[in-house]
$ cat my_file-v2.txt   # compact mmCIF, C-alpha atoms and all ligand atoms
# COMPACT_ATOMS: atom_id res chain seq x y z
CA MET H 1 -9.55 34.93 3.60
CA THR H 2 -9.95 37.53 6.29
CA ALA H 3 -7.69 38.04 9.24
CA VAL H 4 -10.51 36.92 11.57
CA THR H 5 -10.68 33.54 9.87
CA ASP H 6 -6.93 33.19 10.04
CA GLU H 7 -7.04 33.94 13.71
CA LYS H 8 -9.68 31.27 14.22
CA LEU H 9 -7.57 28.73 12.36
CA ASP H 10 -4.48 29.75 14.32
CA LYS H 11 -6.43 29.06 17.48
CA GLN H 12 -7.66 25.71 16.21
CA ALA H 13 -4.14 24.72 15.21
CA ARG H 14 -2.78 25.54 18.65
CA LYS H 15 -5.63 23.61 20.25
CA ILE H 16 -4.90 20.54 18.11
CA LEU H 17 -1.26 20.57 19.17
CA ARG H 18 -2.24 20.99 22.82
CA ASP H 19 -4.93 18.30 22.65
CA ASN H 20 -2.51 15.86 21.03
CA ASP H 21 0.01 16.40 23.85
CA ARG H 22 0.34 13.20 25.89
CA GLY H 23 2.68 14.71 28.47
CA GLY H 24 5.88 15.89 26.81
CA TYR H 25 5.27 14.34 23.42
CA THR H 26 2.68 14.99 20.73
CA VAL H 27 0.84 12.17 18.99
CA PRO H 28 0.20 12.61 15.24
CA THR H 29 -3.56 12.30 15.77
CA SER H 30 -5.63 10.70 18.49
CA GLY H 31 -6.85 7.15 17.82
CA LEU H 32 -5.05 6.20 14.63
CA TYR H 33 -1.51 7.06 15.82
CA PRO H 34 -1.34 7.06 19.64
CA TYR H 35 2.46 7.21 20.13
CA GLN H 36 5.37 9.56 19.38
CA TRP H 37 6.38 9.34 15.72
CA ASN H 38 9.80 10.69 14.85
CA TRP H 39 9.25 13.15 12.02
CA ASP H 40 5.70 14.03 13.08
CA SER H 41 7.12 15.02 16.44
CA MET H 42 9.69 17.32 14.87
CA PHE H 43 7.05 19.04 12.75
CA SER H 44 4.98 19.40 15.92
CA ALA H 45 7.92 20.95 17.78
CA TRP H 46 8.33 23.44 14.93
CA GLY H 47 4.65 24.41 15.24
CA ILE H 48 4.57 24.44 19.04
CA ALA H 49 7.62 26.76 19.08
CA THR H 50 5.41 29.51 17.61
CA PHE H 51 3.47 29.74 20.88
CA ASP H 52 5.38 27.80 23.57
CA VAL H 53 9.06 27.44 22.79
CA ARG H 54 9.89 25.70 26.09
CA ARG H 55 7.37 23.00 25.31
CA ALA H 56 8.95 22.66 21.85
CA TRP H 57 12.37 21.95 23.39
CA PHE H 58 10.72 19.39 25.64
CA GLU H 59 9.20 17.65 22.60
CA ILE H 60 12.69 17.29 21.16
CA THR H 61 14.02 15.89 24.43
CA THR H 62 11.32 13.22 24.66
CA LEU H 63 12.09 12.09 21.12
CA LEU H 64 15.82 11.90 21.85
CA TYR H 65 15.03 9.88 24.96
CA GLY H 66 14.20 7.02 22.59
CA GLN H 67 17.61 7.11 20.89
CA TRP H 68 19.45 3.78 20.76
CA ASP H 69 23.04 3.36 21.96
CA ASN H 70 24.15 3.04 18.33
CA GLY H 71 22.76 6.52 17.57
CA MET H 72 19.58 5.47 15.75
CA ILE H 73 16.47 7.48 16.62
CA PRO H 74 13.51 5.17 16.09
CA HIS H 75 10.44 5.94 14.05
CA ILE H 76 8.09 5.33 16.99
CA ILE H 77 8.69 5.79 20.72
CA PHE H 78 6.16 3.83 22.77
CA HIS H 79 6.43 5.90 25.95
CA LYS H 80 3.37 4.35 27.51
CA ARG H 81 0.96 1.71 26.37
CA ALA H 82 -1.89 2.96 24.20
CA GLU H 83 -4.72 1.14 22.53
CA GLY H 84 -5.58 1.10 18.87
CA TYR H 85 -2.27 0.74 17.00
CA PHE H 86 -0.71 -2.26 15.32
CA PRO H 87 2.17 -3.23 15.31
CA GLY H 88 2.78 -2.18 18.90
CA PRO H 89 5.82 -2.72 21.15
CA ASP H 90 5.30 -6.49 21.48
CA VAL H 91 5.72 -7.01 17.74
CA TRP H 92 8.89 -4.94 17.51
CA ALA H 93 10.22 -6.58 20.70
CA VAL H 94 13.00 -4.05 21.22
CA GLU H 95 14.55 -4.65 24.62
CA ARG H 96 15.00 -1.18 25.96
CA VAL H 97 12.98 1.40 27.86
CA PRO H 98 11.15 3.31 26.58
CA HIS H 99 10.09 0.67 24.07
CA THR H 100 10.56 1.72 20.47
CA SER H 101 10.21 0.44 16.94
CA GLY H 102 13.38 -0.89 15.28
CA ILE H 103 13.63 1.37 12.23
CA SER H 104 14.07 5.12 11.80
CA GLN H 105 12.27 7.88 9.88
CA PRO H 106 13.20 10.90 7.74
CA PRO H 107 15.70 13.03 9.68
CA VAL H 108 13.99 16.40 9.54
CA ALA H 109 15.04 16.97 13.17
CA ALA H 110 18.20 19.05 12.60
CA THR H 111 16.33 21.31 10.18
CA MET H 112 13.37 21.88 12.49
CA ILE H 113 15.61 22.26 15.51
CA ARG H 114 17.77 24.81 13.73
CA SER H 115 14.68 26.84 12.96
CA ILE H 116 13.51 26.67 16.59
CA TYR H 117 16.98 27.58 17.80
CA GLU H 118 17.17 30.58 15.44
CA SER H 119 13.92 31.85 16.94
CA ASP H 120 15.13 31.32 20.51
CA LYS H 121 18.85 31.98 20.26
CA LYS H 122 19.51 33.19 23.76
CA ALA H 123 17.45 30.92 25.99
CA GLY H 124 17.67 28.04 23.52
CA ARG H 125 21.46 27.81 23.54
CA VAL H 126 21.58 25.61 26.59
CA HIS H 127 19.06 23.20 25.02
CA MET H 128 20.99 23.26 21.77
CA GLU H 129 24.26 22.42 23.52
CA LEU H 130 22.61 19.54 25.35
CA ILE H 131 21.10 17.89 22.30
CA TYR H 132 23.81 18.64 19.73
CA GLY H 133 25.83 15.47 20.40
CA ARG H 134 22.75 13.29 20.04
CA LEU H 135 21.88 14.83 16.69
CA VAL H 136 25.42 14.28 15.46
CA SER H 137 25.38 10.65 16.54
CA TRP H 138 22.09 10.08 14.73
CA HIS H 139 23.51 11.54 11.51
CA ARG H 140 26.65 9.45 12.01
CA TRP H 141 24.44 6.35 12.30
CA TRP H 142 22.84 7.15 8.93
CA MET H 143 26.15 7.79 7.26
CA LYS H 144 27.78 4.62 8.64
CA ASN H 145 24.93 2.17 8.15
CA ARG H 146 22.73 3.47 5.41
CA VAL H 147 24.65 5.52 2.91
CA GLN H 148 25.50 3.53 -0.18
CA ASP H 149 26.98 5.30 -3.23
CA GLY H 150 26.06 8.54 -1.51
CA MET H 151 22.36 7.61 -1.38
CA VAL H 152 20.35 6.83 1.75
CA ALA H 153 19.03 3.28 1.97
CA ILE H 154 15.84 2.34 3.76
CA THR H 155 15.22 -1.14 5.16
CA HIS H 156 11.44 -0.81 5.38
CA PRO H 157 8.85 1.30 3.51
CA TRP H 158 7.68 2.73 6.85
CA GLU H 159 11.15 4.18 7.34
CA SER H 160 10.63 6.49 4.35
CA GLY H 161 7.54 8.04 5.95
CA ARG H 162 5.83 7.39 2.58
CA ASP H 163 4.54 3.94 3.41
CA ASN H 164 2.92 2.59 0.25
CA ALA H 165 4.56 4.92 -2.28
CA VAL H 166 5.09 3.55 -5.78
CA ASP H 167 8.86 3.82 -5.16
CA TRP H 168 8.79 0.56 -3.18
CA ASP H 169 6.56 -1.53 -5.49
CA SER H 170 9.21 -3.40 -7.43
CA ALA H 171 11.45 -4.03 -4.40
CA MET H 172 8.49 -5.27 -2.35
CA GLN H 173 7.84 -8.00 -4.92
CA ALA H 174 10.91 -9.77 -3.54
CA VAL H 175 9.48 -9.85 0.00
CA ASP H 176 7.59 -13.00 0.97
CA GLY H 177 4.61 -12.02 3.11
CA SER H 178 2.97 -15.43 3.16
CA ASN H 179 4.33 -16.62 6.52
CA VAL H 180 3.66 -13.72 8.85
CA GLY H 181 0.89 -15.50 10.79
CA ASP H 182 -2.43 -14.07 11.92
CA TYR H 183 -2.71 -10.47 12.97
CA THR H 184 -5.35 -7.79 13.29
CA ARG H 185 -4.76 -4.45 11.69
CA ARG H 186 -6.04 -1.46 13.62
CA ASP H 187 -5.62 1.32 11.05
CA THR H 188 -8.57 0.08 8.99
CA SER H 189 -10.87 0.36 12.01
CA HIS H 190 -10.08 4.08 12.28
CA VAL H 191 -10.24 5.09 8.63
CA ASN H 192 -11.65 3.82 5.32
CA PRO H 193 -9.66 0.71 4.20
CA GLU H 194 -9.88 1.92 0.58
CA MET H 195 -7.58 4.77 1.55
CA ARG H 196 -4.98 2.62 3.31
CA PRO H 197 -2.25 0.25 2.14
CA LYS H 198 -3.61 -3.13 1.02
CA LYS H 199 -3.43 -6.44 2.94
CA GLU H 200 -0.65 -7.79 0.72
CA ASP H 201 1.36 -4.65 1.50
CA TYR H 202 0.82 -5.14 5.22
CA ASP H 203 1.85 -8.81 5.09
CA ARG H 204 5.13 -7.75 3.54
CA TYR H 205 5.60 -4.87 6.00
CA LEU H 206 5.31 -7.38 8.81
CA ALA H 207 7.60 -9.89 7.15
CA LEU H 208 10.31 -7.21 7.02
CA VAL H 209 9.80 -6.29 10.69
CA GLN H 210 10.01 -9.97 11.66
CA PHE H 211 13.17 -10.49 9.60
CA SER H 212 15.06 -7.59 11.18
CA ARG H 213 13.75 -8.35 14.67
CA ASP H 214 14.73 -12.02 14.41
CA ASN H 215 18.20 -10.91 13.36
CA GLY H 216 18.62 -8.63 16.36
CA TRP H 217 18.30 -5.38 14.36
CA ASN H 218 21.85 -6.02 13.19
CA GLU H 219 22.44 -3.35 10.56
CA LYS H 220 25.29 -5.21 8.87
CA TYR H 221 23.33 -8.44 8.58
CA ILE H 222 20.22 -6.64 7.35
CA ALA H 223 22.27 -4.73 4.76
CA GLU H 224 23.62 -7.99 3.40
CA HIS H 225 20.59 -10.28 3.63
CA ALA H 226 17.26 -8.46 3.76
CA ALA H 227 15.07 -8.87 0.68
CA PHE H 228 14.27 -5.16 0.62
CA ARG H 229 16.78 -2.32 0.38
CA VAL H 230 15.98 0.83 -1.56
CA ALA H 231 17.87 4.10 -1.88
CA ASP H 232 15.07 6.54 -1.11
CA VAL H 233 15.39 9.77 -3.06
CA GLY H 234 13.33 11.68 -0.49
CA MET H 235 15.52 10.43 2.32
CA THR H 236 18.75 11.42 0.55
CA PHE H 237 17.43 14.95 0.02
CA ILE H 238 16.17 15.24 3.60
CA LEU H 239 19.44 13.99 5.11
CA LEU H 240 21.48 16.29 2.88
CA ARG H 241 19.40 19.28 3.96
CA ALA H 242 19.60 18.19 7.60
CA CYS H 243 23.40 17.93 7.38
CA ARG H 244 23.56 21.46 5.98
CA ASP H 245 21.47 22.69 8.92
CA LEU H 246 23.54 20.68 11.39
CA LEU H 247 26.65 22.33 9.98
CA GLN H 248 25.20 25.77 10.70
CA ILE H 249 24.32 24.72 14.24
CA ALA H 250 27.83 23.32 14.74
CA ALA H 251 29.42 26.53 13.52
CA ASP H 252 27.22 28.58 15.79
CA LEU H 253 28.15 26.47 18.80
CA ASP H 254 31.85 26.54 17.86
CA HIS H 255 32.07 22.79 17.35
CA ASP H 256 34.32 21.09 14.80
CA THR H 257 32.75 20.87 11.36
CA PRO H 258 34.99 18.70 9.10
CA GLU H 259 33.06 15.47 9.77
CA ILE H 260 29.74 17.11 8.84
CA GLU H 261 31.33 18.77 5.80
CA GLY H 262 32.45 15.30 4.69
CA TRP H 263 28.90 13.96 5.00
CA ILE H 264 27.60 16.81 2.87
CA GLU H 265 30.17 16.09 0.18
CA THR H 266 29.28 12.39 0.15
CA LEU H 267 25.56 13.06 -0.14
CA GLU H 268 26.02 15.78 -2.74
CA ALA H 269 27.91 13.27 -4.87
CA GLY H 270 25.18 10.68 -4.24
CA VAL H 271 22.45 12.93 -5.60
CA ALA H 272 23.74 12.24 -9.13
CA ASN H 273 23.11 8.52 -8.60
CA HIS H 274 19.41 9.24 -8.07
CA TRP H 275 19.16 10.73 -11.56
CA ASN H 276 17.06 8.40 -13.70
CA PRO H 277 18.24 8.74 -17.34
CA GLU H 278 14.56 9.28 -18.19
CA GLY H 279 15.23 12.76 -16.80
CA TYR H 280 14.23 12.97 -13.14
CA TYR H 281 15.28 12.14 -9.58
CA ASP H 282 14.17 8.66 -8.63
CA SER H 283 14.66 6.01 -5.95
CA VAL H 284 16.88 3.01 -6.68
CA ASN H 285 16.22 -0.62 -5.81
CA LEU H 286 19.61 -1.51 -4.34
CA ARG H 287 19.03 -5.24 -4.74
CA THR H 288 18.75 -4.99 -8.52
CA GLY H 289 20.37 -1.62 -9.23
CA GLU H 290 17.23 -0.56 -11.09
CA PHE H 291 15.48 2.77 -10.84
CA THR H 292 11.98 2.50 -9.42
CA GLY H 293 10.43 4.62 -12.17
CA SER H 294 8.55 6.88 -9.78
CA LEU H 295 8.26 10.65 -10.03
CA SER H 296 6.97 11.14 -6.50
CA SER H 297 6.76 13.98 -4.01
CA GLY H 298 10.09 12.64 -2.68
CA SER H 299 11.72 13.54 -6.02
CA PHE H 300 10.57 17.14 -5.60
CA LEU H 301 12.52 17.57 -2.38
CA CYS H 302 15.55 18.36 -4.57
CA TRP H 303 15.27 22.12 -4.00
CA TYR H 304 15.00 21.54 -0.24
CA ALA H 305 18.43 19.90 -0.53
CA GLY H 306 19.78 22.82 -2.59
CA VAL H 307 19.66 21.06 -5.96
CA ASP H 308 17.91 22.81 -8.85
CA PRO H 309 17.93 21.08 -12.24
CA PRO H 310 15.62 22.73 -14.81
CA GLU H 311 14.11 19.35 -15.76
CA MET H 312 12.64 18.98 -12.28
CA MET H 313 10.95 22.35 -12.55
CA SER H 314 9.41 21.34 -15.89
CA HIS H 315 8.11 18.14 -14.30
CA LEU H 316 6.66 20.01 -11.36
CA LYS H 317 4.91 22.50 -13.63
CA ALA H 318 3.47 19.71 -15.78
CA ILE H 319 2.16 17.90 -12.71
CA LEU H 320 0.73 21.06 -11.15
CA ALA H 321 -1.15 21.68 -14.40
CA GLU H 322 -2.83 18.27 -13.98
CA VAL H 323 -4.22 18.72 -10.47
CA ARG H 324 -6.17 21.33 -8.58
CA TYR H 325 -4.01 21.01 -5.44
CA GLY H 326 -0.28 20.29 -5.59
CA VAL H 327 2.00 18.43 -4.92
CA PRO H 328 0.50 14.95 -5.36
CA SER H 329 2.50 12.13 -3.77
CA ASN H 330 2.43 10.23 -7.07
CA ASP H 331 2.47 11.40 -10.69
CA PRO H 332 -1.20 11.94 -11.68
CA ARG H 333 -0.37 10.72 -15.22
CA ALA H 334 0.85 7.35 -13.92
CA GLU H 335 -1.33 4.24 -14.02
CA THR H 336 -0.63 3.70 -10.33
CA PHE H 337 -2.12 7.09 -9.39
CA ASN H 338 -4.97 6.88 -6.88
CA PRO H 339 -6.09 10.25 -5.49
CA LEU H 340 -7.11 8.89 -2.08
CA ARG H 341 -4.93 5.86 -1.34
CA TYR H 342 -2.39 7.20 1.10
CA TRP H 343 1.02 7.78 -0.55
CA ARG H 344 -0.13 6.76 -4.03
CA GLY H 345 -1.63 10.09 -5.01
CA PRO H 346 -2.89 12.30 -2.18
CA VAL H 347 -1.38 15.66 -1.29
CA TRP H 348 0.24 16.08 2.13
CA GLY H 349 0.59 19.53 3.73
CA MET H 350 3.94 18.83 5.37
CA MET H 351 5.49 17.60 2.11
CA ASN H 352 4.25 20.78 0.47
CA ALA H 353 5.88 22.81 3.23
CA LEU H 354 9.27 21.13 2.68
CA ILE H 355 9.05 21.36 -1.09
CA ALA H 356 8.00 25.01 -0.96
CA ILE H 357 10.73 25.94 1.51
CA GLY H 358 13.20 24.48 -0.96
CA LEU H 359 11.62 26.25 -3.94
CA LYS H 360 11.74 29.56 -2.13
CA ASP H 361 15.38 29.05 -1.11
CA GLN H 362 16.21 28.47 -4.77
CA GLY H 363 14.36 31.61 -5.88
CA HIS H 364 11.25 29.90 -7.31
CA THR H 365 8.98 32.11 -5.27
CA LEU H 366 5.86 31.95 -7.47
CA THR H 367 5.75 28.16 -7.47
CA ALA H 368 6.43 28.11 -3.74
CA GLU H 369 3.52 30.50 -3.29
CA ARG H 370 1.21 28.31 -5.37
CA LEU H 371 1.91 25.40 -2.99
CA ARG H 372 1.28 27.56 0.02
CA LYS H 373 -1.99 28.84 -1.42
CA ASP H 374 -3.15 25.33 -2.30
CA THR H 375 -2.35 24.08 1.19
CA ARG H 376 -4.07 27.07 2.83
CA GLU H 377 -7.22 26.42 0.84
CA LEU H 378 -7.28 22.74 1.71
CA ILE H 379 -7.05 23.58 5.41
CA GLU H 380 -9.48 26.52 5.23
CA ASP H 381 -12.10 24.51 3.32
CA HIS H 382 -11.82 21.18 5.12
CA GLY H 383 -9.82 21.46 8.34
CA PHE H 384 -6.57 19.97 9.59
CA TYR H 385 -6.70 16.58 7.88
CA GLU H 386 -3.87 14.11 7.40
CA TYR H 387 -4.05 14.46 3.60
CA TRP H 388 -6.38 15.31 0.69
CA SER H 389 -7.21 14.36 -2.87
CA PRO H 390 -5.13 16.56 -5.18
CA VAL H 391 -7.93 16.35 -7.74
CA ASP H 392 -10.84 17.81 -5.77
CA GLY H 393 -9.57 18.35 -2.22
CA THR H 394 -11.57 15.52 -0.61
CA PRO H 395 -10.12 15.28 2.91
CA ALA H 396 -8.93 11.89 4.18
CA GLY H 397 -7.06 9.99 6.89
CA GLY H 398 -6.84 11.21 10.46
CA ARG H 399 -8.50 14.46 11.56
CA ASN H 400 -6.98 17.15 13.75
CA PHE H 401 -3.56 16.10 12.58
CA SER H 402 -0.56 17.54 14.42
CA TRP H 403 1.77 18.17 11.50
CA THR H 404 -0.99 19.81 9.51
CA ALA H 405 -1.64 22.14 12.45
CA ALA H 406 2.10 22.75 12.77
CA ILE H 407 2.63 23.72 9.14
CA TRP H 408 -0.37 26.03 9.34
CA LEU H 409 1.28 27.93 12.18
CA THR H 410 4.75 28.02 10.66
CA TRP H 411 4.19 28.22 6.93
CA ALA H 412 0.74 27.90 5.36
CA GLY H 413 -1.34 30.19 7.58
C1 LIG P 1 1.61 3.82 9.62
C2 LIG P 1 2.24 9.10 11.60
C3 LIG P 1 2.82 8.28 10.46
C4 LIG P 1 3.73 9.11 9.56
C5 LIG P 1 4.08 8.40 8.26
C6 LIG P 1 2.81 7.90 7.62
C7 LIG P 1 2.07 6.98 8.58
C8 LIG P 1 2.43 5.00 9.97
O1 LIG P 1 1.72 7.73 9.74
O2 LIG P 1 2.83 5.85 8.90
O3 LIG P 1 1.27 3.02 10.52
O4 LIG P 1 1.25 3.64 8.47
O5 LIG P 1 3.08 7.27 6.42
O6 LIG P 1 4.77 9.28 7.42
O7 LIG P 1 4.89 9.45 10.24
O8 LIG P 1 1.62 10.24 11.10
$ encode --input "my_file-v2.txt" --output "structure tokens"
Amino acid sequence: MTAVTDEKLDKQARKILRDNDRGGYTVPTSGLYPYQWNWDSMFSAWGIATFDVRRAWFEITTLLYGQWDNGMIPHIIFHKRAEGYFPGPDVWAVERVPHTSGISQPPVAATMIRSIYESDKKAGRVHMELIYGRLVSWHRWWMKNRVQDGMVAITHPWESGRDNAVDWDSAMQAVDGSNVGDYTRRDTSHVNPEMRPKKEDYDRYLALVQFSRDNGWNEKYIAEHAAFRVADVGMTFILLRACRDLLQIAADLDHDTPEIEGWIETLEAGVANHWNPEGYYDSVNLRTGEFTGSLSSGSFLCWYAGVDPPEMMSHLKAILAEVRYGVPSNDPRAETFNPLRYWRGPVWGMMNALIAIGLKDQGHTLTAERLRKDTRELIEDHGFYEYWSPVDGTPAGGRNFSWTAAIWLTWAG
């Protein structure tokens, strides 16, 4: 591709991020996702920092504004009412302002924030000092409430950011979705229902929200009684990486580091518990102790967390040989693979960015470059979609997607 084309795409990417700005926070895409989503917002901040670093710091502040008193940073902040999304604030019924959802999302924040801070060391220091304590208390919330045997537990598939991934299938069987009452989904009016989670998935998603809501979002109670609790391999790797980045920030700001060092040790030890004896990193159903049997894009975040077993590289190579565009969210050789149904096969640009950053850190530069090239081509040929088919690149989901624009500006472009 020529420099002119790159310039045009750079411009488009910046425009998407500006157009998706709702006044201090960036929506993932207009229509389908009209609020501030946690990890989307941090990818957006990373992208925005390439052309307006002050606005990027503001994005971070608006996300932190939704933080609960217990340290949790919710997966959605409902700053102001917007049409077109279900379940909205009334369903979550969280009594605080701004309204929020009651679960969290992958903690990429410290990693993205560190990168923004490194690029804006002088002026950014004051921002960094202001938000540091909030980041620490969020990590402390994870470690206190969610870390079991060194692995990070999720209480809802939405928390993983990989909604209908195969990793949750077996655990979701234990969730009774038959009593959730009538409701109208909105996602299927924006995009093709064939590419979204199914109705039985949604019934169970809602049953889990209702259970936690009706029990006052009490972490201890939920840990003991909820039908669903899975140690998410992607989440463990993301939190481990985020703790490493938080440690660097702490050192730079001259803050104490032993607590963070302890978290890193705990999570490093936990990584071994994600090792499925079949020979790969896997999620674990904490209610049964069984591995979920899923070699997903979450498994390939190992390098991002600084872990580099040769078996994982063999798996990645085998999977990349099966598809035109890597990394698929599900193993293309699995029966459950569906190239267009959300997290059951499609390739996501932001996952590729995280996986490739890890690969590069670990010295696997050629494989990292393959992922970057694949992602570039998908964007160049089709635009800034939410995700694509790894088989033939068919674009799908929301258009003009913020995190796709962000990873173009920071990594793929
Ligand atoms: C939903 C916004 C979010 C992402 C998640 C993705 C999807 C929300 O969209 O979840 O309603 O299904 O799975 O990772 O943050 O882009």
$ closest_residue --input "my_file-v2.txt" --among "H:Leu247, H:Ala110, H:Leu409, H:Ile76" --to "ligand LIG 1 (chain P)" --atoms "all atoms listed in the file"
H:Ile76
$ closest_residue --input "my_file-v2.txt" --among "H:Ala223, H:Ile103, H:Leu32, H:Ile116" --to "ligand LIG 1 (chain P)" --atoms "all atoms listed in the file"
H:Leu32
$ atom_distance --input "my_file-v2.txt" --atom1 "CA of Tyr325 in chain H" --atom2 "CA of Pro157 in chain H"
25.2 Å
$ closest_residue --input "my_file-v2.txt" --among "H:Gln148, H:Thr62, H:Gln12, H:Thr404" --to "ligand LIG 1 (chain P)" --atoms "only C-alpha atoms and all ligand atoms"
H:Thr404
$ residues_near_ligand --input "my_file-v2.txt" --ligand "ligand LIG 1 (chain P)" --cutoff "7 Å" --atoms "all atoms listed in the file" --output "JSON, numbers by chain"
{"H": [28, 33, 37, 38, 39, 40, 158, 161, 162, 163]}
$ closest_residue --input "my_file-v2.txt" --among "H:Leu246, H:Val391, H:Met312, H:Ala353" --to "Ala405 in chain H" --atoms "only C-alpha atoms"
H:Ala353
$ atom_distance --input "my_file-v2.txt" --atom1 "CA of Lys220 in chain H" --atom2 "CA of Tyr202 in chain H"
24.7 Å
$ axis_aligned_box --input "my_file-v2.txt" --around "range 209-214 of chain H" --padding-each-side "5 Å" --output "AutoDock Vina command-line options"
--center_x 12.4 --center_y -9.2 --center_z 12.1 --size_x 15.3 --size_y 15.7 --size_z 15.1
$ closest_residue --input "my_file-v2.txt" --among "H:Ile48, H:Met72, H:Ile238, H:Val94" --to "Val209 in chain H" --atoms "all atoms listed in the file"
H:Val94
$ closest_residue --input "my_file-v2.txt" --among "H:Val147, H:Leu359, H:Ala165, H:Ala269" --to "Phe300 in chain H" --atoms "all atoms listed in the file"
H:Leu359
$ atom_distance --input "my_file-v2.txt" --atom1 "CA of Tyr183 in chain H" --atom2 "CA of Asp21 in chain H"
29.1 Å
$ residues_near_point --input "my_file-v2.txt" --point "(6.2, 24.1, 12.7)" --cutoff "9 Å" --atoms "only C-alpha atoms" --output "compact mmCIF listing (two decimals) with C-alpha atoms, in the coordinates of the input"
# COMPACT_ATOMS: atom_id res chain seq x y z
CA MET H 42 9.69 17.32 14.87
CA PHE H 43 7.05 19.04 12.75
CA SER H 44 4.98 19.40 15.92
CA ALA H 45 7.92 20.95 17.78
CA TRP H 46 8.33 23.44 14.93
CA GLY H 47 4.65 24.41 15.24
CA ILE H 48 4.57 24.44 19.04
CA ALA H 49 7.62 26.76 19.08
CA THR H 50 5.41 29.51 17.61
CA MET H 112 13.37 21.88 12.49
CA SER H 115 14.68 26.84 12.96
CA ILE H 116 13.51 26.67 16.59
CA TRP H 403 1.77 18.17 11.50
CA THR H 404 -0.99 19.81 9.51
CA ALA H 405 -1.64 22.14 12.45
CA ALA H 406 2.10 22.75 12.77
CA ILE H 407 2.63 23.72 9.14
CA TRP H 408 -0.37 26.03 9.34
CA LEU H 409 1.28 27.93 12.18
CA THR H 410 4.75 28.02 10.66
CA TRP H 411 4.19 28.22 6.93
$ residues_around --input "my_file-v2.txt" --residues "Ala334 in chain H" --least-positions-apart "3" --cutoff "10 Å" --atoms "all atoms listed in the file" --output "PyMOL selection string"
chain H and resi 166+294-295+330-331+337-338+344-345
$ closest_atom_pairs --input "my_file-v2.txt" --of "range 166-273 of chain H" --to "range 279-285 of chain H" --cutoff "10 Å" --atoms "only C-alpha atoms" --output "CSV"
residue,atom,partner,partner_atom,distance
H:Val166,CA,H:Ser283,CA,9.9
H:Asp167,CA,H:Ser283,CA,6.2
H:Trp168,CA,H:Asn285,CA,8.0
H:Asp169,CA,H:Asn285,CA,9.7
H:Ser170,CA,H:Asn285,CA,7.7
H:Ala171,CA,H:Asn285,CA,6.0
H:Met172,CA,H:Asn285,CA,9.7
H:Phe228,CA,H:Asn285,CA,8.1
H:Arg229,CA,H:Asn285,CA,6.4
H:Val230,CA,H:Asn285,CA,4.5
H:Ala231,CA,H:Val284,CA,5.0
H:Asp232,CA,H:Ser283,CA,4.9
H:Val233,CA,H:Ser283,CA,4.8
H:Gly234,CA,H:Ser283,CA,8.0
H:Met235,CA,H:Ser283,CA,9.4
H:Thr236,CA,H:Ser283,CA,9.4
H:Val271,CA,H:Tyr281,CA,8.2
H:Ala272,CA,H:Tyr281,CA,8.5
H:Asn273,CA,H:Val284,CA,8.5
$ residues_around --input "my_file-v2.txt" --residues "Trp68 in chain H" --least-positions-apart "5" --cutoff "9 Å" --atoms "all atoms listed in the file" --output "ChimeraX atom specification"
/H:73-74,96
$ residues_around --input "my_file-v2.txt" --residues "Arg186 in chain H" --least-positions-apart "3" --cutoff "8 Å" --atoms "only C-alpha atoms" --output "list in words"
Leu32, Gly84, Tyr85, Phe86, Ser189 and His190 of chain H
$ write_last_selection --input "my_file-v2.txt" --atoms "C-alpha atoms" --output "tab-separated table (two decimals), in the frame of the given file"
chain	number	residue	atom	x	y	z
H	32	LEU	CA	-5.05	6.20	14.63
H	84	GLY	CA	-5.58	1.10	18.87
H	85	TYR	CA	-2.27	0.74	17.00
H	86	PHE	CA	-0.71	-2.26	15.32
H	189	SER	CA	-10.87	0.36	12.01
H	190	HIS	CA	-10.08	4.08	12.28
$ residues_around --input "my_file-v2.txt" --residues "Asn215 in chain H" --least-positions-apart "3" --cutoff "12 Å" --atoms "all atoms listed in the file" --output "PDB file with C-alpha atoms, keeping the file's coordinate frame"
ATOM      1  CA  TRP H  92       8.890  -4.940  17.510  1.00  0.00           C
ATOM      2  CA  ALA H  93      10.220  -6.580  20.700  1.00  0.00           C
ATOM      3  CA  VAL H  94      13.000  -4.050  21.220  1.00  0.00           C
ATOM      4  CA  GLY H 102      13.380  -0.890  15.280  1.00  0.00           C
ATOM      5  CA  LEU H 208      10.310  -7.210   7.020  1.00  0.00           C
ATOM      6  CA  VAL H 209       9.800  -6.290  10.690  1.00  0.00           C
ATOM      7  CA  GLN H 210      10.010  -9.970  11.660  1.00  0.00           C
ATOM      8  CA  PHE H 211      13.170 -10.490   9.600  1.00  0.00           C
ATOM      9  CA  SER H 212      15.060  -7.590  11.180  1.00  0.00           C
ATOM     10  CA  ASN H 218      21.850  -6.020  13.190  1.00  0.00           C
ATOM     11  CA  GLU H 219      22.440  -3.350  10.560  1.00  0.00           C
ATOM     12  CA  LYS H 220      25.290  -5.210   8.870  1.00  0.00           C
ATOM     13  CA  TYR H 221      23.330  -8.440   8.580  1.00  0.00           C
ATOM     14  CA  ILE H 222      20.220  -6.640   7.350  1.00  0.00           C
ATOM     15  CA  ALA H 223      22.270  -4.730   4.760  1.00  0.00           C
ATOM     16  CA  GLU H 224      23.620  -7.990   3.400  1.00  0.00           C
ATOM     17  CA  HIS H 225      20.590 -10.280   3.630  1.00  0.00           C
ATOM     18  CA  ALA H 226      17.260  -8.460   3.760  1.00  0.00           C
TER      19      ALA H 226
END
$ residues_around --input "my_file-v2.txt" --residues "range 127-137 of chain H" --least-positions-apart "6" --cutoff "12 Å" --atoms "all atoms listed in the file" --output "VMD selection string"
chain H and resid 53 to 73 107 to 118 120 to 121 143 to 145 239 242 to 243 245 to 257 259 to 260 263
